[in-house]
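Asks: Would you mind keeping the following structure in view while I ask a few things?
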Amino acid sequence: MRLVVNGTPREADVREHESLLTVLRERLGLPGSKNACEQGECGSCSVLVDGELVCSCLVLAAAADGRRVETVEALGSAERPHPVQRAFVEAGAVQCGFCTPGFVVAAAALLRENPEPTDAEIREALAGNICRCTGYGTILDAVRRAARITT
Amino acid sequence: MTVAARPRLRGVVGESAPRSDAPPKTQGAFAYASDLAREGMLHGATLRSPHPRARIARIDVEAARALPGVAAVLTAADLPTKVKFGLMKLDQLPLADGRVRYAGEPVAIVAAEDPERAREAVRAVRVEYEVLPAVTDPVAALHPDAPRLHDDGNVIEDVRVVHGDPDARADVVVEDEYEVAMQDQAPLGPEAGLAIPDPDGGVTLHVATQWLHEDLRQIAACLGLPERKVRLVLAGVGGAFGAREDVTLQIHVCLLALATRRPVRIVYGREESFHGHVHRHAARLWYAHGATRDGDLVFVRASIVLDGGGYASSSSAVVANAACFGAGPYRVPNALIHAVGAYTNNPPAGAMRGFGAVQSCFAYEAQMDRLAAALGMDPVALRGRNALRDGDRIVTGQAVEGSAPVADLIRRCAALPPPAPPPGLIAGEVDLTALPGGVGNVTRGEGVRRGTALAVGFKNACYSHAFDDFSTARVRLVRERGEPVAYVLTAAAEVGQGIVGVCEQIARTELGVQRVVVETPDTSIGSAGSSSASRQTWMTGGAVLAACREVKAELARRAEAHDRVRRTPRDGEPVDVDLAPLLDPPIERTVTHRHRPTEPRDATTQNAGHVAFLFAAHRATVDVDVETGIVKVVQVATSQDVGKAINPLAVVGQLEGGIAQGLGLAVMEEVRLQGGLMRNASFTDYLLPTTLDMPPVVCDLVEHPHPDAPYGAKGVGEPPTISSTPAIVAAIRAATGRELNRVPVRPDDIVFGTAARSGWRMRPGADPRTAVRM
């Protein structure tokens, strides 16, 4: 299959039943998206496919053929972090961090669509991501903070 | 380089400073155990028993071994030793030999060229089982006629607390039975490890764990290797909460690496993770509380049965905790508490945040509300009246030291700002997300009732009962490109809680150096103990503090020798030191820190068995739709004595995260078992709180320093998970009038109001083995 990952055209040999997440992690050297539930319940594997937020564990790799995929790795860099990434660090929203890439991608997608979300909108938008460490308070704070930085 | 002109240090003790592992974690650049890979590595997989209790008649691995791409298939017959493993009791073989004691017990392991082939090979192993009737009721397991599940019987641990007059009488007595279901820690990162065979015949294991050295001890023994030939390196840990205290895949992945002479990785999927690690003990508790008419507690009597499952894990310490803290943070002159942990054929139970204190707190706090009702007293006032003060003794006879008066926590918590009033019955536009059931649109507010209630809880910090509890830290102060840099090495597992940040902030504060590098923990240094028991800040923080002070002393000696010190007139501390010439050679100090010794447990558990106590109060407000039984937790407020917040934002993160797990146990989280089989081993069926379930939390950090702790900082991780659950359930009781003697509270419990009954008659305080079937 061919796809454009983080702006770069890539090719990968995939088995027919493999998920996009497996291809990203095991074939394309992009382990930033995490595998935590394999059922689309926790959002740790969130990526954008043609700009749309999806759980990459639920996307058959073949279905991503020819698509544009953006992962957490392309959102920002160590030198130039995305405002959401900066806000997560500053707000103390990172503990074990396993859910963080998924939350960061989902929050960035939310702010792209809705730069000034209300608290209820943030909660609704992030309800597909599970964090077991923080209790979400600092994550919500990070998203509010990122919205302020962005707008 | 003169320090005189240096800018103020950023990220010292007391500041809400970002931790150094946060940026890579937001970028997907932090390597978790499941992200590790090595050229030419094999993939491991595990065959597990489908039966909770069976004899293994025969295992045939020929078909599996013959599959292409399969490098090894190992069963008990291939184990290099017959040594058993276990955290506190060596009672389990790495692979079942002849008998299985729970559904999910490992029977065979394979290594293959890719994960698919490994799974295929697992399916190709043929096992003939003689299925035996499973013992799944822990009370029945204690009966003398029950089948013996282990050679030494079905009692894992038996703890009695006898305090004052165990037969004391009181004016007012309340009594009931309580049940706590099994909870899963559900860390987001699955169990994972990568083992690499070493040229000396040993093995190096990169693994996500809570305690490197304890893993090392168990692995080396089971492999039949000297401990020096087994090296462990901490891989990125995606949460733990107790689930990584036990060995899961550690021995398996090393066995496969040694058998194949190739690197081997094992990564569990979510379903296997549920089967692979221990859980919070399910419990049955029978309680009686007695008080004077004025509301002074006279006695607490309790019998507690904890379901240990197929193997012991840390059950013995969990049982001791359930008993020691079983009367709550109150002055109780007379107590009789008898707690027993039972082997059953359910999945094994072990450590989870709160560790035995959670189960008894749910029961004693329900009892306190019941007692208040019987006395016609305000439940908050009843708690305040009986709350422990400094110098008061808990029911083990140990005095409370270095803690804020519990009545202060109760008073402060009760006074925290309440949430906005309920949305009420609204005909037109309504924010559904503010109502029980959310956008499921099950109510417009007509059947919704609000309730508020408060609960208090406590437990120990660090290890108890004469355990030699220590942590080791090495601090190296070096000069790099003209700048001082402090390197800190410990074996403390960063599992998310923030020990990395604690070490950074302590070293910065003590050494006055901005750049602190916390190195990857491994077993090249002494043990740090486990990241559990709310102990790492106290123990590893204490070790880093002590090592820094030794480095500082050496720095001062060198400075004197160089005559480069000018002293401030105020405190005589050396300042304006040009460190550069003082760090050649670098200064390195390794210090092992111990807390003061604790006493061993005696037959009546009357001793100073604990280092210190941690207290918190929680107030919960809920809206309950009494027609559907759906609960919306509206707010949780908490006052917790944290001693000193090394990083206030990180402490708030611990409090809020712990409360989320307490909320989970209160209203949604339950590992459902049927005949010993787990029915909901997935995140689709095991429900975890999301942003829509978790309310805003109001945190009140009370800083009452403990004299023995670094900067007075107590552990903070566990208290949030102890009394948040009973506070939420009490709020639901207040809203509905239902009895609710079981957690998690299910919609049916609210709608129909049927109390949970074990079917066993038990006199509270009596030996649980004397229970009589009703």
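Scheme for the structure tokens: letters A, B, ... for chains in order shown; per-chain residue numbers from 1; ligand numbers from 1 in order shown.
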Excluding B:Pro405 and its own-chain neighbours fewer than 3 positions away, which residues fall within 9 Å of it when counting only C-alpha atoms? Please give them as an MDAnalysis selection string.
Replies: chainID B and resid 387:390 408:409
Asks: Using DSSP secondary structure from the backbone, list all helix (DSSP H, G or I) positions within stretch 338-441 of chain B, as a ChimeraX atom specification.
Replies: /B:357-375,379-386,406-414,432-434,438-440
Asks: Using only C-alpha atoms, find each residue of chain B with at least one atom at most 8 Å away from an atom of chain A; report its shortest atom-to-atom pair and that distance in Å (one decimal), sort the rows by chain and rising residue number, and return the result as a tab-separated table.
Replies:
```
residue	atom	partner	partner_atom	distance
B:Ala17	CA	A:Glu90	CA	7.8
B:Pro18	CA	A:Glu90	CA	5.9
B:Arg19	CA	A:Val89	CA	7.8
B:Ala22	CA	A:Val89	CA	5.6
B:Pro23	CA	A:Val89	CA	6.1
B:Pro24	CA	A:Ala78	CA	7.3
B:Lys25	CA	A:Gly97	CA	5.5
B:Thr26	CA	A:Gln85	CA	5.5
B:Gln27	CA	A:Glu73	CA	5.8
B:Gly28	CA	A:Gly32	CA	3.8
B:Ala29	CA	A:Gly32	CA	6.2
B:Phe30	CA	A:Gly32	CA	7.8
B:Tyr32	CA	A:Phe98	CA	8.0
B:Asp35	CA	A:Pro31	CA	6.1
B:Ala186	CA	A:Arg132	CA	7.3
B:Pro187	CA	A:Arg132	CA	6.3
B:Leu188	CA	A:Ala36	CA	5.6
B:Gly189	CA	A:Ala36	CA	5.9
B:Pro190	CA	A:Ala36	CA	6.3
B:Val237	CA	A:Cys96	CA	6.6
B:Gly238	CA	A:Phe98	CA	5.1
B:Gly239	CA	A:Cys96	CA	5.2
B:Gly269	CA	A:Cys37	CA	7.1
B:Arg270	CA	A:Cys37	CA	5.2
B:Thr433	CA	A:Ala120	CA	7.2
B:Glu494	CA	A:Cys96	CA	7.9
B:Val495	CA	A:Cys96	CA	5.8
B:Gly496	CA	A:Cys96	CA	3.4
B:Gln497	CA	A:Gln95	CA	6.0
B:Gly498	CA	A:Gln95	CA	6.7
B:Leu649	CA	A:Gly92	CA	6.3
B:Ala650	CA	A:Gly92	CA	6.5
B:Gly653	CA	A:Thr134	CA	5.4
B:Gln654	CA	A:Thr134	CA	6.8
B:Glu656	CA	A:Gly135	CA	5.0
B:Gly657	CA	A:Gly135	CA	4.1
B:Gly658	CA	A:Gly135	CA	7.3
B:Ile659	CA	A:Gly135	CA	7.1
B:Ala660	CA	A:Gly135	CA	5.0
B:Gln661	CA	A:Arg132	CA	7.7
B:Ser682	CA	A:Cys37	CA	7.1
B:Phe683	CA	A:Glu41	CA	6.1
B:Thr684	CA	A:Glu41	CA	6.3
B:Leu688	CA	A:Ile130	CA	7.5
B:Pro689	CA	A:Ile130	CA	7.5
B:Thr690	CA	A:Ala127	CA	5.7
B:Thr691	CA	A:Ala127	CA	5.2
B:Leu692	CA	A:Arg123	CA	6.1
B:Met694	CA	A:Gly135	CA	6.7
B:Pro696	CA	A:Gly137	CA	6.7
B:Val697	CA	A:Gly137	CA	7.4
```
Asks: Looking only at the backbone, which of the residues in chain A does DSSP tag as strand (DSSP E or B), as a list in words?
Replies: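 Result set for chain A (strand (DSSP E or B)): Arg2, Leu3, Val4, Val5, Thr8, Pro9, Arg10, Glu11, Ser19, Ser46, Val47, Leu48, Val49, Glu52, Leu53, Val54, Cys55, Leu60, Arg68, Val69 and Glu70 of chain A.
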Asks: Please, could you write that set of residues out with C-alpha atoms as a PDB file, in the first residue's frame?
Replies:
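Output file part_36.pdb is given in full below:
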```
ATOM      1  CA  ARG A   2       0.968   3.613  -0.497  1.00  0.00           C
ATOM      2  CA  LEU A   3      -0.031   6.443   1.710  1.00  0.00           C
ATOM      3  CA  VAL A   4       1.180   9.881   2.701  1.00  0.00           C
ATOM      4  CA  VAL A   5       2.268   9.876   6.322  1.00  0.00           C
ATOM      5  CA  THR A   8       5.909  12.058   3.189  1.00  0.00           C
ATOM      6  CA  PRO A   9       4.809   9.433   0.638  1.00  0.00           C
ATOM      7  CA  ARG A  10       5.402   5.976   2.144  1.00  0.00           C
ATOM      8  CA  GLU A  11       5.018   2.393   1.001  1.00  0.00           C
ATOM      9  CA  SER A  19      -4.817  -2.219  11.213  1.00  0.00           C
ATOM     10  CA  SER A  46      -5.841   8.589  17.544  1.00  0.00           C
ATOM     11  CA  VAL A  47      -4.567   9.888  14.204  1.00  0.00           C
ATOM     12  CA  LEU A  48      -5.984  12.037  11.431  1.00  0.00           C
ATOM     13  CA  VAL A  49      -6.868  10.375   8.133  1.00  0.00           C
ATOM     14  CA  GLU A  52     -10.548  13.329  10.131  1.00  0.00           C
ATOM     15  CA  LEU A  53      -9.932  12.103  13.679  1.00  0.00           C
ATOM     16  CA  VAL A  54     -10.000   8.292  13.870  1.00  0.00           C
ATOM     17  CA  CYS A  55      -8.875   5.452  16.078  1.00  0.00           C
ATOM     18  CA  LEU A  60      -8.049  -1.470   8.271  1.00  0.00           C
ATOM     19  CA  ARG A  68      -3.136  11.305   4.016  1.00  0.00           C
ATOM     20  CA  VAL A  69      -2.301  10.262   7.576  1.00  0.00           C
ATOM     21  CA  GLU A  70      -1.105  12.611  10.305  1.00  0.00           C
TER      22      GLU A  70
END
```
Asks: Hey, which of B:Gly376, B:Pro226, B:Gly643, B:Pro710 ends up closest to B:Ala546? Count only C-alpha atoms.
Replies: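 Nearest to B:Ala546: B:Pro710.
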Asks: Excluding same-chain residues fewer than 3 positions from stretch 199-213 of chain B, what lies within 8 Å of it counting only C-alpha atoms, as JSON, numbers by chain?
Replies: {"B": [32, 33, 191, 192, 193, 194, 195, 196, 216, 217, 225, 229, 230, 231, 232, 233, 234, 235, 236, 237, 238, 240, 242, 244, 245, 250, 254, 257, 258, 491, 492, 493, 494, 495, 522, 523, 526, 527, 528, 529, 530, 531, 532]}
Asks: Next, dump the selected residues to file, keeping only C-alpha atoms, as a tab-separated table (two decimals), in the first residue's frame.
Replies:
```tsv
chain	number	residue	atom	x	y	z
B	32	TYR	CA	7.37	2.64	26.44
B	33	ALA	CA	8.11	-1.03	26.96
B	191	GLU	CA	2.45	-5.36	30.02
B	192	ALA	CA	5.56	-5.52	27.86
B	193	GLY	CA	9.19	-6.58	28.07
B	194	LEU	CA	12.19	-7.20	25.84
B	195	ALA	CA	14.78	-9.78	26.94
B	196	ILE	CA	18.22	-9.92	25.38
B	216	LEU	CA	15.23	-9.50	39.55
B	217	ARG	CA	15.12	-11.64	42.68
B	225	LEU	CA	20.96	-17.91	37.47
B	229	LYS	CA	23.74	-12.46	35.57
B	230	VAL	CA	20.29	-10.93	35.37
B	231	ARG	CA	20.15	-7.22	34.58
B	232	LEU	CA	17.00	-5.16	34.51
B	233	VAL	CA	16.46	-1.79	32.89
B	234	LEU	CA	13.27	0.18	33.33
B	235	ALA	CA	11.42	0.67	30.06
B	236	GLY	CA	8.77	3.38	29.78
B	237	VAL	CA	5.86	2.49	32.07
B	238	GLY	CA	2.32	3.26	30.95
B	240	ALA	CA	0.78	0.76	37.11
B	242	GLY	CA	-0.33	-1.96	41.66
B	244	ARG	CA	3.00	-4.16	37.86
B	245	GLU	CA	4.17	-5.13	41.30
B	250	GLN	CA	9.21	-11.23	33.11
B	254	CYS	CA	13.75	-14.33	29.77
B	257	ALA	CA	15.47	-15.42	25.15
B	258	LEU	CA	17.77	-17.90	26.88
B	491	ALA	CA	16.12	2.26	40.70
B	492	ALA	CA	12.81	4.00	41.42
B	493	ALA	CA	10.21	3.22	38.78
B	494	GLU	CA	8.58	6.25	37.22
B	495	VAL	CA	5.13	4.82	36.59
B	522	ASP	CA	18.35	-0.09	36.32
B	523	THR	CA	19.71	-2.74	38.67
B	526	GLY	CA	20.75	-0.74	44.91
B	527	SER	CA	17.03	-1.22	45.21
B	528	ALA	CA	14.66	1.73	45.52
B	529	GLY	CA	11.80	-0.48	46.65
B	530	SER	CA	8.54	-0.47	44.82
B	531	SER	CA	6.63	2.47	43.40
B	532	SER	CA	3.81	1.61	45.73
```
Asks: Could I get the residues of stretch 501-618 of chain B with an atom no further than 12 Å from an atom of stretch 297-320 of chain B, each paired with its nearest atom pair and that distance in Å to one decimal, using only C-alpha atoms, sorted by chain and residue number, as CSV?
Replies:
```
residue,atom,partner,partner_atom,distance
B:Ser532,CA,B:Ser314,CA,11.8
B:Ala533,CA,B:Ala317,CA,10.8
B:Pro600,CA,B:Ala320,CA,11.6
B:Arg601,CA,B:Ala320,CA,9.0
B:Asp602,CA,B:Ala320,CA,11.3
B:Ala603,CA,B:Ala320,CA,11.7
B:Thr604,CA,B:Ala320,CA,11.4
B:Thr605,CA,B:Ala320,CA,9.0
B:Gly609,CA,B:Ala320,CA,10.4
B:His610,CA,B:Ala320,CA,11.2
```
